[in-house]
Amino acid sequence: MIGPACLVLLAAAAAGAAAPASARAKRAPLVQAPLSVRTNGEAFALPLMSAFVLPGEVMPLEILTPPVGVGYAVTAKDGVLEKVSATRWKWRAPETVGVYAIEIDDPAREQKAEIKAFVLVPFAQVRHGRLNGYRIGDYPAPQGPAHAPPRGFVEVTSGNDETHVTPHFRLRQFLCKQESDFPKYVVLDDRLLLKLEKVLEAVKDAGHKVETLHVMSGYRTPFYNAAIDNVKYSQHQWGTAADVFIDIDDSGTMDDLDGNKQLDKDDARVLFDLVDGLDRRKEARFVGGLGAYGGTKAHGPFVHVDVRGRTARW
């Protein structure tokens with residue numbers, strides 16, 4: 001067990017002795033195997049990903065890519081890191097709410113990954129529908145495990161709202177639209193973040209040069225969800241849904257994706273079809289609801305995406 005100082009763990013080579021330094025210096029970096037990591041049961045191959053834990057909770061961390069050369073270096077300035085094997089660690093989260101960095105370095109392949117570990121405010125701290133003055137409201141009675149109240153909330157401040165939760169999405173994009181001062185609170189599901197990154201990749205592959213998706217609506221508190229008269233069990237309340245559109249020119253509305261010089265539901269259908277194509281690959285953890293919406297006086301066309309675990313279309 002290693003204490004809370006800066007922690008560096010070097011994983012041993014998978015097999016055999018390391019090559020001499022002169023030989024290693026001449027060897028080209030290995031890039032054919034992307035650095036793939038799993039935390040809390042979710043695997044990702046991104047240079048940055050978020051994880052969500054409760055204060056003092058132990059989070060498993062596994063590097064799925066076999067090590068070569070000197071292996072991996074894992075660094076955490078906070079919490080307690082424990083090596084389990086050459087590719088597995090455990091990280092005990094601090095007791096203090098906040099965001100903490102865990103860095104993984106693969107020197108042989110010249111690749112790095114960072115985990116933004118958000119220590120949550122436990123749900124039990126909600127009192128009379130409020131959390132530190134922020135209006136949460138009351139979650140509806142569960143109809144199954146998927147509707148249980150969230151374990152906790154990410155605390156969002158004026159100092160961390162610009163934090164990247166994935167390479168192309170920031171924390172502030174998922175805030176509920178209700179008016180309030182900081183701190184604000186949000187629930188995010190890591191599967192939704194991973195799916196949005198996959199959607200963005202498909203959007204780029206289709207020729208749309210955009211750096212992120214515009215998230216029109218991310219998390220909704222039950223209070224806000226009721227205030228806008230949305231469905232009682234909306235996925236937004238559990239951080240598993242986002243209403244998004246493509247906005248390359250940053251105009252605040254959906255771009256003319258079908259080229260007919262009109263902004264309408266047909267533009268939403270273009271994005272709908274891209275997301276639907278991803279779901280048809282049947283990667284179970286990302287399968288969910290998908291809906292295309294036309295514009296109104298209040299907003300332009302958009303697409304609803306969620307990870308409810310079963311296919312739904314509208």
# chains A, B, ... in the order shown; residues from 1 in each chain; ligands from 1
>>> select_by_dssp(residues="range 73-289 of chain A", states="helix (DSSP H, G or I)", output="NGL selection string")
:A and (123-125 or 145-147 or 171-174 or 190-205 or 222-227 or 235-238 or 265-279 or 284-286)
>>> atom_distance(atom1="CA of Val70 in chain A", atom2="CA of Asn40 in chain A")
25.9 Å
>>> residues_around(residues="range 281-286 of chain A", least_positions_apart="4", cutoff="8 Å", atoms="only C-alpha atoms", output="ChimeraX atom specification")
/A:191-192,195,277,307,309
>>> residues_around(residues="range 156-168 of chain A", least_positions_apart="3", cutoff="9 Å", atoms="only C-alpha atoms", output="list in words")
Leu46, Pro47, Leu48, Met49, Ser50, Ala51, Gly98, Val99, Ile115, Lys116, Leu171, Arg172, Gln173, Leu175, Phe182, Pro183, Lys184, Tyr185, Val186, Leu193, Leu194, Glu197, Leu200, Glu211, Thr212 and Leu213 of chain A
>>> residues_around(residues="Met216 in chain A", least_positions_apart="6", cutoff="9 Å", atoms="only C-alpha atoms", output="list of chain:residue names")
A:Gln173, A:Phe174, A:Ala242, A:Asp243, A:Val244, A:Phe245, A:Gly252, A:His299, A:Phe302
>>> write_last_selection(atoms="N, CA and C atoms", output="PDB file, in the first residue's frame")
ATOM      1  N   GLN A 173     -21.102  21.561 -20.208  1.00  0.00           N
ATOM      2  CA  GLN A 173     -22.063  21.264 -21.258  1.00  0.00           C
ATOM      3  C   GLN A 173     -23.248  20.454 -20.752  1.00  0.00           C
ATOM      4  N   PHE A 174     -23.099  19.796 -19.609  1.00  0.00           N
ATOM      5  CA  PHE A 174     -24.139  18.888 -19.126  1.00  0.00           C
ATOM      6  C   PHE A 174     -24.936  19.460 -17.959  1.00  0.00           C
ATOM      7  N   ALA A 242     -28.799  12.897 -23.415  1.00  0.00           N
ATOM      8  CA  ALA A 242     -28.432  14.242 -23.850  1.00  0.00           C
ATOM      9  C   ALA A 242     -29.166  14.560 -25.141  1.00  0.00           C
ATOM     10  N   ASP A 243     -29.647  15.788 -25.250  1.00  0.00           N
ATOM     11  CA  ASP A 243     -30.216  16.294 -26.494  1.00  0.00           C
ATOM     12  C   ASP A 243     -29.112  17.086 -27.196  1.00  0.00           C
ATOM     13  N   VAL A 244     -28.760  16.695 -28.402  1.00  0.00           N
ATOM     14  CA  VAL A 244     -27.574  17.258 -29.053  1.00  0.00           C
ATOM     15  C   VAL A 244     -27.877  17.661 -30.493  1.00  0.00           C
ATOM     16  N   PHE A 245     -27.025  18.538 -31.013  1.00  0.00           N
ATOM     17  CA  PHE A 245     -27.081  18.855 -32.435  1.00  0.00           C
ATOM     18  C   PHE A 245     -25.689  19.274 -32.901  1.00  0.00           C
ATOM     19  N   GLY A 252     -25.638  28.418 -32.382  1.00  0.00           N
ATOM     20  CA  GLY A 252     -26.612  28.091 -31.348  1.00  0.00           C
ATOM     21  C   GLY A 252     -27.760  27.255 -31.855  1.00  0.00           C
ATOM     22  N   HIS A 299     -36.152  26.662 -29.906  1.00  0.00           N
ATOM     23  CA  HIS A 299     -34.908  25.972 -30.254  1.00  0.00           C
ATOM     24  C   HIS A 299     -34.989  25.417 -31.671  1.00  0.00           C
ATOM     25  N   PHE A 302     -32.993  18.961 -33.139  1.00  0.00           N
ATOM     26  CA  PHE A 302     -32.004  18.266 -32.321  1.00  0.00           C
ATOM     27  C   PHE A 302     -32.323  16.784 -32.283  1.00  0.00           C
TER      28      PHE A 302
END
>>> closest_residue(among="A:Gly294, A:Val119, A:Ile248, A:Ala241", to="Glu95 in chain A", atoms="only C-alpha atoms")
A:Val119
>>> select_by_dssp(residues="range 108-251 of chain A", states="strand (DSSP E or B)", output="ChimeraX atom specification")
/A:111-119,121-122,127,130-131,134-135,152-156,164-166,169-170,184-186,214-217,241-245
>>> closest_residue(among="A:Arg38, A:Gln111, A:Val97, A:Glu201", to="Glu155 in chain A", atoms="only C-alpha atoms")
A:Val97
>>> closest_residue(among="A:Ile136, A:Val203, A:Gln235, A:Tyr219", to="Leu278 in chain A", atoms="only C-alpha atoms")
A:Val203
>>> atom_distance(atom1="CA of Ala108 in chain A", atom2="CA of Val80 in chain A")
25.9 Å
>>> residues_around(residues="Lys265 in chain A", least_positions_apart="2", cutoff="9 Å", atoms="only C-alpha atoms", output="PyMOL selection string")
chain A and resi 263+267-270+292-295+300-302
>>> write_last_selection(atoms="C-alpha atoms", output="PDB file, in the first residue's frame")
ATOM      1  CA  LEU A 263     -33.266  24.107 -40.759  1.00  0.00           C
ATOM      2  CA  ASP A 267     -31.420  17.900 -40.536  1.00  0.00           C
ATOM      3  CA  ALA A 268     -32.091  16.100 -37.266  1.00  0.00           C
ATOM      4  CA  ARG A 269     -32.719  12.932 -39.294  1.00  0.00           C
ATOM      5  CA  VAL A 270     -29.177  13.114 -40.716  1.00  0.00           C
ATOM      6  CA  ALA A 292     -35.386  13.254 -33.901  1.00  0.00           C
ATOM      7  CA  TYR A 293     -37.063  16.596 -33.209  1.00  0.00           C
ATOM      8  CA  GLY A 294     -37.831  19.552 -35.423  1.00  0.00           C
ATOM      9  CA  GLY A 295     -37.343  23.171 -34.466  1.00  0.00           C
ATOM     10  CA  GLY A 300     -33.762  24.432 -33.520  1.00  0.00           C
ATOM     11  CA  PRO A 301     -33.802  20.751 -34.555  1.00  0.00           C
ATOM     12  CA  PHE A 302     -32.004  18.266 -32.321  1.00  0.00           C
TER      13      PHE A 302
END
